[in-house]
Amino acid sequence: MVPVLLIVIPLLSGLAGWFIKGEGAARTWSLLSSLATLAVSVYALTLSKDNPALHADVEWIPALGSRFSVGLDGMGRILTLLTALGYPLILIGTWRDSYRKAPNFHALMLLMQAGLMGVFVSMDALLFYFFWELALVPAYFLGSQWGGERRIQATFKFFLYTFIGSLLMLVGIIWLYYHTPDHSFSLNSFYALRSKIANDDQVWLFWVFFIAFAIKMPIWPLHTWQPDMYEQAPTAVTMVLSGIMVKMGLFGIIRWLAPVLPTGFWAWGDTASALCIIGMIYASLVAIRQDDLKRLVAYSSIAHMGLMCLAIFATTSTGMQGVMIQMFNHGINIIGLWIVVDLIERQFHTRKISELGGLAQKAPGLAILLVIVALANVALPLTNAFVGEFLLFSGVYSSMATRYNVLFTVVAGLSIILSAVYTLNMIQRVFYGNVNRLTEKARDIRLNEKVILATIVVIIVVIGVYPKPVLDLTKDTVEAVITKMIYKQ
Amino acid sequence: MNAIILSAIWGIVMMFSGVFVSGKRTIRTIAILGLLLLFLANCLDLGGGFRVHIDVHRMLYFDTFGLLANSVIFGSTLVFVMLSGRDMENVGINLAEYFALIFFVLCGVALVTTFNTLLMLFLGIEIISIPLYILTGSDKRNLKGNEASLKYFLMGAFSTGLMLLGIAFLYGASQNGSLFIDEMAIGKAPISPLFISGLLLLLVSMSFKVSAAPFHFWTPDVYDGAPTVFTSFMATIVKSALFIGFIRLFDEGFGRVHDRWQLFVAIITAATLFIGNLTAVFQQSVKRMLAYSSIAQAGFMLMAILSINGIARDGIILYITAYSAATIGIFAVLIRMKDYTFEGFSGLAKHHPVLAATTTIFLLSLAGIPLTAGFFAKYYMLAAVVSTGKYLWLVIFAVLCAAISVYYYFRLIQAMYFKEGDRQELDEGPGFRILLILLAAVIVVLGIAPHLVTDPVHSLIYLW
């Protein structure tokens with residue numbers, strides 16, 4: 001029942017949102033709805049993992065053997081929590097942003113949330129595909145209608161990339177479906193297949209799935225849609241995309257690719273890991289050269305996603321545990337960064353780092369909160385990302401799935417140093433240095449932003465100091481996935 | 001049988017209604033009444049409530065597949081006439097005759113969907129084609145329309161000639177001189193070159209009719225030149241019927257020797273998908289884009305012919321439903337527009353939100369986005385080919401082409417929603433709007449529950 005509620009609340013409130021008049025009402029409605037979703041999602045955390053309320057399974061299209069089957073395991077719970085928590089953070093954090101035709105904007109945002117929730121709870125491949133695309137369509141309309149000057153092209157590029165990827169994935173899903181003995185789309189039937197698919201087939205099937213997920217994350221060289229899209233989309237949409245939607249790619253690999261095609265996954269592991277690493281280094285280097293705040297955060301996100309993807313290919317439970325916790329951390333941290341970027345853009349009407357400076361003198365509150373979020377982005381100890389990245393690196397290092405584990409660890413480690421370079425550089429140039437004409441009139445942050453950033457900082461520190469509850473939550477999924485992945489080694 | 005008789009009779013009724021009735025509104029009402037009766041009569045046939053019984057000596061074969069296709073096609077025609085019937089008045093003065101011709105086409109459709117001998121197929125296709133030649137040229141003062149009509153006639157006559165030749169070959173190749181499709185290619189006798197030649201000639205002529213590449217060259221010109229109302233009719237209803245005939249012929253008739261012709265169909269399919277999608281990208285006129293899009297969609301439907309199996313049969317019914325509903329809807333809006341270019345649609349969402357929203361749903365359906373009928377239609381086609389275990393390259397190729405199609409369908413959405421345009425006075429009554437909303441609702445419902453259409457196919461009833 002719980003997973004159904006997680007989909008239905010944003011879906012219905014999103015549909016109702018079209019008929020609301022006025023920006024304030026629409027914003028409040030959307031906040032209420034997302035708080036209700038958050039409440040359900042927190043309630044799900046309190047249930048034990050065998051509780052029947054965490055699953056629902058009804059007939060959908062009997063002729064195709066597809067069922068409306070949804071459920072929440074550890075990974076599902078952590079990602080639905082991220083989605084549910086992210087939305088109120090985003091809404092309150094961008095409370096002062098104003099939109100043309102605001103009711104439509106908020107309605108589409110809620111519909112996108114319904115799609116995201118659906119992806120994370122589906123236990124049926126066709127249903128998963130359905131939600132995968134449904135999350136995309138509102139994103140297309142949000143990005144094209146509200147945003148920067150080149151929004152239409154950027155959003156279309158994003159849409160086309162993801163659409164090609166997902167169609168390839170659809171072919172893979174159909175192929176697997178015809179090879180299940182009972183002609184079923186259910187997750188368990190797919191898992192049961194993994195030892196029955198010939199190696200030759202696993203080898204090409206891997207790519208039809210991996211391309212879809214790699215585009216979503218994105219992995220180099222399929223990342224080109226991402227900086228444009230993040231730059232052009234309205235900040236609230238960018239937050240959803242970078243904080244939550246990119247996790248669909250990682251989630252897809254962990255749930256639908258690695259356990260289903262273990263041989264193909266292993267066979268291409270080094271190739272894919274190499275792509276991840278090239279992307280991490282490349283994105284970090286590009287980020288150093290960026291003058292636009294949004295593009296800087298966008299490239300830094302590519303680097304972080306690359307590391308998480310690399311850790312999945314390492315096939316160790318430490319690494320996988322790291323991916324689980326880091327998916328959540330990255331979502332929270334990047335939303336925090338975007339809120340700061342949004343604040344700066346709204347105040348100064350520029351995102352150029354070179355035009356800013358000395359903000360710390362004028363807005364000390366903002367500076368303190370930003371520095372903590374930024375340090376979390378660099379994975380300093382005591383922040384949540386440290387826990388995640390430590391696990392990721394130790395997972396990659398101890399990997400038995402590849403001969404190049406040391407090399408991978410060392411090169412990936414470089415990207416951490418580079419991330420410190422661009423993050424600290426950005427802080428220095430935006431917040432310290434001399435006050436210029438533009439930043440003279442800077443105001444400190446207001447209550448809503450202070451509350452949200454403070455919440456994010458609290459989450460960062462709490463998980464950084466005491467990550468055990470999160471790790472415990474995802475332990476079952478990690479064990480289950482790893483067992484299935486090393487099945488054939 | 002009900003449908004064949006009723007459509008022929010009602011065609012004559014429509015012809016005479018022009019003489020005895022003067023009001024255009026009355027004529028339209030008679031036509032809508034006729035279509036409603038036709039739809040109901042066919043449903044009675046399907047459900048077994050009432051059947052006119054005539055001994056046809058096995059020449060026609062009324063199975064659920066054909067009758068269900070009939071229902072879909074008659075239903076689409078009904079929607080088409082209700083949406084765009086008024087626009088037919090602007091084509092010329094002979095409104096009653098246009099409706100009469102449409103009923104004659106439907107009579108041909110009913111033959112093509114239920115034929116069991118090659119003669120009936122030929123007869124059905126001719127009964128469909130000849131009224132279409134007239135309808136294409138019905139706007140007599142339009143030079144482009146006249147050209148299109150003549151072109152269509154010449155090309156159509158040519159492909160009919162090929163078809164006759166093919167039928168003659170097959171007749172010669174059959175051991176006991178039979179034209180029944182279910183008696184073809186039975187037995188252990190080796191397959192003669194004559195049989196293969198006949199088969200290929202039929203393949204070519206059917207490809208002509210459904211505008212598959214490389215036999216598609218008439219399509220853009222004819223669809224563009226014909227009055228837009230009749231383009232809508234041709235591109236949806238007629239094309240659907242021909243596909244049903246196509247799959248029937250190749251499934252029942254040549255299904256047993258499918259390994260001999262599958263490769264040809266695979267190549268035609270790939271070419272159709274490629275040419276249709278790629279050329280549509282470069283169009284500036286929405287009407288021409290829809291013409292190429294109809295070629296591209298035909299490419300997907302050809303996948304059902306390639307993979308003749310149960311899924312393909314289910315799928316083609318769903319596909320013609322989804323495709324016809326969406327295309328009829330877009331055309332209904334297009335007909336009311338003054339400017340047929342993409343720019344003409346700019347800013348439509350601001351001034352006519354209902355038209356823009358429903359058109360968007362139709363376009364999303366054509367592009368195959370989930371939650372619309374078009375997604376499951378494409379899904380069935382892909383699944384049909386994948387389940388054969390062969391031609392995986394074609395499946396990958398098809399999805400890449402489907403991604404191209406997003407470009408031109410979304411271009412229209414972009415024009416409507418994200419570009420500024422002047423307000424234009426469109427003739428949209430509440431009835432028109434409600435019908436469009438209902439049509440969009442049908443598409444969304446089928447996007448959630450496609451089995452509403454496909455399930456009846458399985459309850460096979462055989463009767464002669």
# chains A, B, ... in the order shown; residues from 1 in each chain; ligands from 1
call {"tool": "closest_atom_pairs", "arguments": {"of": "chain A", "to": "chain B", "cutoff": "7 Å", "atoms": "only C-alpha atoms", "output": "tab-separated table"}}
result
residue	atom	partner	partner_atom	distance
A:Ile61	CA	B:Ala449	CA	6.5
A:Ala63	CA	B:His451	CA	6.6
A:Phe130	CA	B:Pro370	CA	5.8
A:Glu133	CA	B:Pro370	CA	6.5
A:Leu134	CA	B:Pro370	CA	6.9
A:Ser144	CA	B:Phe418	CA	6.8
A:Gln145	CA	B:Phe418	CA	5.9
A:Leu160	CA	B:Ala403	CA	6.9
A:Phe163	CA	B:Ala403	CA	6.7
A:Ile164	CA	B:Ala403	CA	5.7
A:Leu167	CA	B:Val399	CA	5.9
A:Leu168	CA	B:Val399	CA	6.9
A:Ile174	CA	B:Ala383	CA	6.1
A:Trp175	CA	B:Val386	CA	6.2
A:Tyr178	CA	B:Ser387	CA	6.2
call {"tool": "residues_around", "arguments": {"residues": "A:Lys362", "least_positions_apart": "6", "cutoff": "8 Å", "atoms": "only C-alpha atoms", "output": "VMD selection string"}}
result
chain A and resid 439 to 444
call {"tool": "write_last_selection", "arguments": {"atoms": "N, CA and C atoms", "output": "PDB file, in the first residue's frame"}}
result
ATOM      1  N   THR A 439      28.317  43.152  -5.905  1.00  0.00           N
ATOM      2  CA  THR A 439      28.045  42.452  -4.652  1.00  0.00           C
ATOM      3  C   THR A 439      27.951  43.390  -3.459  1.00  0.00           C
ATOM      4  N   GLU A 440      28.113  44.680  -3.699  1.00  0.00           N
ATOM      5  CA  GLU A 440      28.041  45.648  -2.610  1.00  0.00           C
ATOM      6  C   GLU A 440      26.705  45.598  -1.870  1.00  0.00           C
ATOM      7  N   LYS A 441      25.649  45.479  -2.676  1.00  0.00           N
ATOM      8  CA  LYS A 441      24.315  45.561  -2.095  1.00  0.00           C
ATOM      9  C   LYS A 441      23.786  44.201  -1.645  1.00  0.00           C
ATOM     10  N   ALA A 442      24.690  43.237  -1.532  1.00  0.00           N
ATOM     11  CA  ALA A 442      24.242  41.872  -1.240  1.00  0.00           C
ATOM     12  C   ALA A 442      23.518  41.804   0.102  1.00  0.00           C
ATOM     13  N   ARG A 443      22.451  41.015   0.128  1.00  0.00           N
ATOM     14  CA  ARG A 443      21.723  40.775   1.371  1.00  0.00           C
ATOM     15  C   ARG A 443      22.064  39.371   1.852  1.00  0.00           C
ATOM     16  N   ASP A 444      21.910  39.167   3.134  1.00  0.00           N
ATOM     17  CA  ASP A 444      22.101  37.811   3.641  1.00  0.00           C
ATOM     18  C   ASP A 444      20.842  36.998   3.328  1.00  0.00           C
TER      19      ASP A 444
END
call {"tool": "closest_residue", "arguments": {"among": "A:Leu79, A:Ala16, A:Leu392, A:Val297", "to": "A:Phe251", "atoms": "only C-alpha atoms"}}
result
A:Leu79
call {"tool": "atom_distance", "arguments": {"atom1": "atom CA of B:Ile268", "atom2": "atom CA of B:Ser174"}}
result
26.5 Å
call {"tool": "select_by_dssp", "arguments": {"residues": "stretch 312-468 of chain A", "states": "helix (DSSP H, G or I)", "output": "ChimeraX atom specification"}}
result
/A:312-314,317-348,353-355,359-362,364-377,384-397,405-431,439-441,447-465,468
call {"tool": "write_last_selection", "arguments": {"atoms": "C-alpha atoms", "output": "CSV table (one decimal), in the first residue's frame"}}
result
chain,number,residue,atom,x,y,z
A,312,ILE,CA,29.0,-0.7,-8.9
A,313,PHE,CA,31.3,-2.4,-11.5
A,314,ALA,CA,33.8,-3.2,-8.7
A,317,SER,CA,29.6,-5.2,-1.0
A,318,THR,CA,31.6,-2.3,0.5
A,319,GLY,CA,31.4,-0.5,-2.8
A,320,MET,CA,27.8,-1.3,-3.3
A,321,GLN,CA,27.0,-0.1,0.2
A,322,GLY,CA,28.9,3.1,-0.6
A,323,VAL,CA,26.8,3.6,-3.8
A,324,MET,CA,23.6,3.3,-1.7
A,325,ILE,CA,24.5,5.9,0.8
A,326,GLN,CA,26.2,8.1,-1.7
A,327,MET,CA,23.2,8.2,-3.9
A,328,PHE,CA,21.3,9.7,-1.1
A,329,ASN,CA,24.1,12.0,0.0
A,330,HIS,CA,24.8,13.3,-3.5
A,331,GLY,CA,21.2,14.1,-3.9
A,332,ILE,CA,21.0,16.2,-0.7
A,333,ASN,CA,24.4,17.9,-1.3
A,334,ILE,CA,23.7,18.9,-4.8
A,335,ILE,CA,20.3,20.3,-4.0
A,336,GLY,CA,22.1,22.4,-1.4
A,337,LEU,CA,24.6,23.7,-3.9
A,338,TRP,CA,21.8,24.5,-6.4
A,339,ILE,CA,19.9,26.5,-3.7
A,340,VAL,CA,23.0,28.6,-3.2
A,341,VAL,CA,23.4,29.1,-7.0
A,342,ASP,CA,19.8,30.0,-7.3
A,343,LEU,CA,20.1,32.6,-4.5
A,344,ILE,CA,23.1,34.2,-6.1
A,345,GLU,CA,21.5,34.3,-9.5
A,346,ARG,CA,18.3,35.8,-8.1
A,347,GLN,CA,20.2,38.5,-6.3
A,348,PHE,CA,22.8,39.5,-8.8
A,353,ILE,CA,32.1,33.5,-11.0
A,354,SER,CA,34.4,36.3,-12.4
A,355,GLU,CA,31.7,38.9,-11.8
A,359,LEU,CA,30.0,37.8,-0.6
A,360,ALA,CA,31.2,36.5,2.8
A,361,GLN,CA,31.4,40.0,4.1
A,362,LYS,CA,27.9,40.9,3.1
A,364,PRO,CA,28.0,35.6,6.3
A,365,GLY,CA,25.1,33.3,7.0
A,366,LEU,CA,25.1,32.2,3.4
A,367,ALA,CA,28.8,31.8,3.3
A,368,ILE,CA,28.9,29.5,6.3
A,369,LEU,CA,26.2,27.2,5.1
A,370,LEU,CA,27.7,27.1,1.6
A,371,VAL,CA,31.1,26.2,2.8
A,372,ILE,CA,29.7,23.2,4.7
A,373,VAL,CA,27.8,22.0,1.7
A,374,ALA,CA,30.8,22.6,-0.6
A,375,LEU,CA,33.1,20.7,1.8
A,376,ALA,CA,30.6,17.9,1.7
A,377,ASN,CA,30.9,18.0,-2.1
A,384,ASN,CA,28.1,12.6,4.7
A,385,ALA,CA,30.0,12.3,1.4
A,386,PHE,CA,33.1,11.2,3.2
A,387,VAL,CA,31.4,8.1,4.5
A,388,GLY,CA,30.1,7.4,1.0
A,389,GLU,CA,33.3,8.1,-0.9
A,390,PHE,CA,35.4,6.2,1.6
A,391,LEU,CA,33.2,3.1,1.1
A,392,LEU,CA,33.3,3.6,-2.7
A,393,PHE,CA,37.0,3.8,-2.8
A,394,SER,CA,37.6,0.9,-0.5
A,395,GLY,CA,35.2,-1.0,-2.6
A,396,VAL,CA,36.9,-0.2,-5.9
A,397,TYR,CA,40.3,-0.9,-4.3
A,405,ASN,CA,41.6,-2.1,-9.3
A,406,VAL,CA,44.7,-0.3,-8.1
A,407,LEU,CA,44.9,1.8,-11.2
A,408,PHE,CA,41.2,2.6,-11.1
A,409,THR,CA,41.5,3.7,-7.4
A,410,VAL,CA,44.5,5.9,-8.1
A,411,VAL,CA,43.1,7.7,-11.1
A,412,ALA,CA,39.7,8.0,-9.5
A,413,GLY,CA,41.4,9.4,-6.4
A,414,LEU,CA,42.8,12.2,-8.6
A,415,SER,CA,39.3,13.4,-9.3
A,416,ILE,CA,38.8,14.0,-5.6
A,417,ILE,CA,41.8,16.3,-5.6
A,418,LEU,CA,40.5,18.0,-8.7
A,419,SER,CA,37.1,18.4,-7.1
A,420,ALA,CA,38.8,20.1,-4.1
A,421,VAL,CA,40.5,22.4,-6.6
A,422,TYR,CA,37.4,23.6,-8.4
A,423,THR,CA,35.1,23.7,-5.3
A,424,LEU,CA,37.5,25.7,-3.1
A,425,ASN,CA,38.4,27.9,-6.0
A,426,MET,CA,34.8,28.7,-6.5
A,427,ILE,CA,34.3,29.5,-2.9
A,428,GLN,CA,37.3,31.7,-2.8
A,429,ARG,CA,36.3,33.7,-5.8
A,430,VAL,CA,32.7,34.0,-5.0
A,431,PHE,CA,32.7,34.5,-1.3
A,439,THR,CA,28.0,42.5,-4.7
A,440,GLU,CA,28.0,45.6,-2.6
A,441,LYS,CA,24.3,45.6,-2.1
A,447,LEU,CA,14.4,32.6,6.6
A,448,ASN,CA,13.2,30.0,4.2
A,449,GLU,CA,16.5,29.5,2.6
A,450,LYS,CA,18.2,29.6,6.0
A,451,VAL,CA,15.9,26.8,7.3
A,452,ILE,CA,16.5,24.7,4.2
A,453,LEU,CA,20.2,25.1,4.1
A,454,ALA,CA,20.4,24.5,7.8
A,455,THR,CA,18.4,21.3,7.4
A,456,ILE,CA,20.7,20.1,4.6
A,457,VAL,CA,23.7,20.9,6.8
A,458,VAL,CA,22.2,18.9,9.7
A,459,ILE,CA,21.6,15.9,7.4
A,460,ILE,CA,25.2,16.2,6.1
A,461,VAL,CA,26.7,16.2,9.6
A,462,VAL,CA,24.4,13.6,11.1
A,463,ILE,CA,25.0,11.1,8.3
A,464,GLY,CA,28.7,12.1,8.4
A,465,VAL,CA,29.0,11.2,12.0
A,468,LYS,CA,24.7,3.4,10.6
call {"tool": "closest_residue", "arguments": {"among": "B:Lys144, B:Arg256, B:Lys338, B:Lys378", "to": "B:Val286", "atoms": "only C-alpha atoms"}}
result
B:Lys338
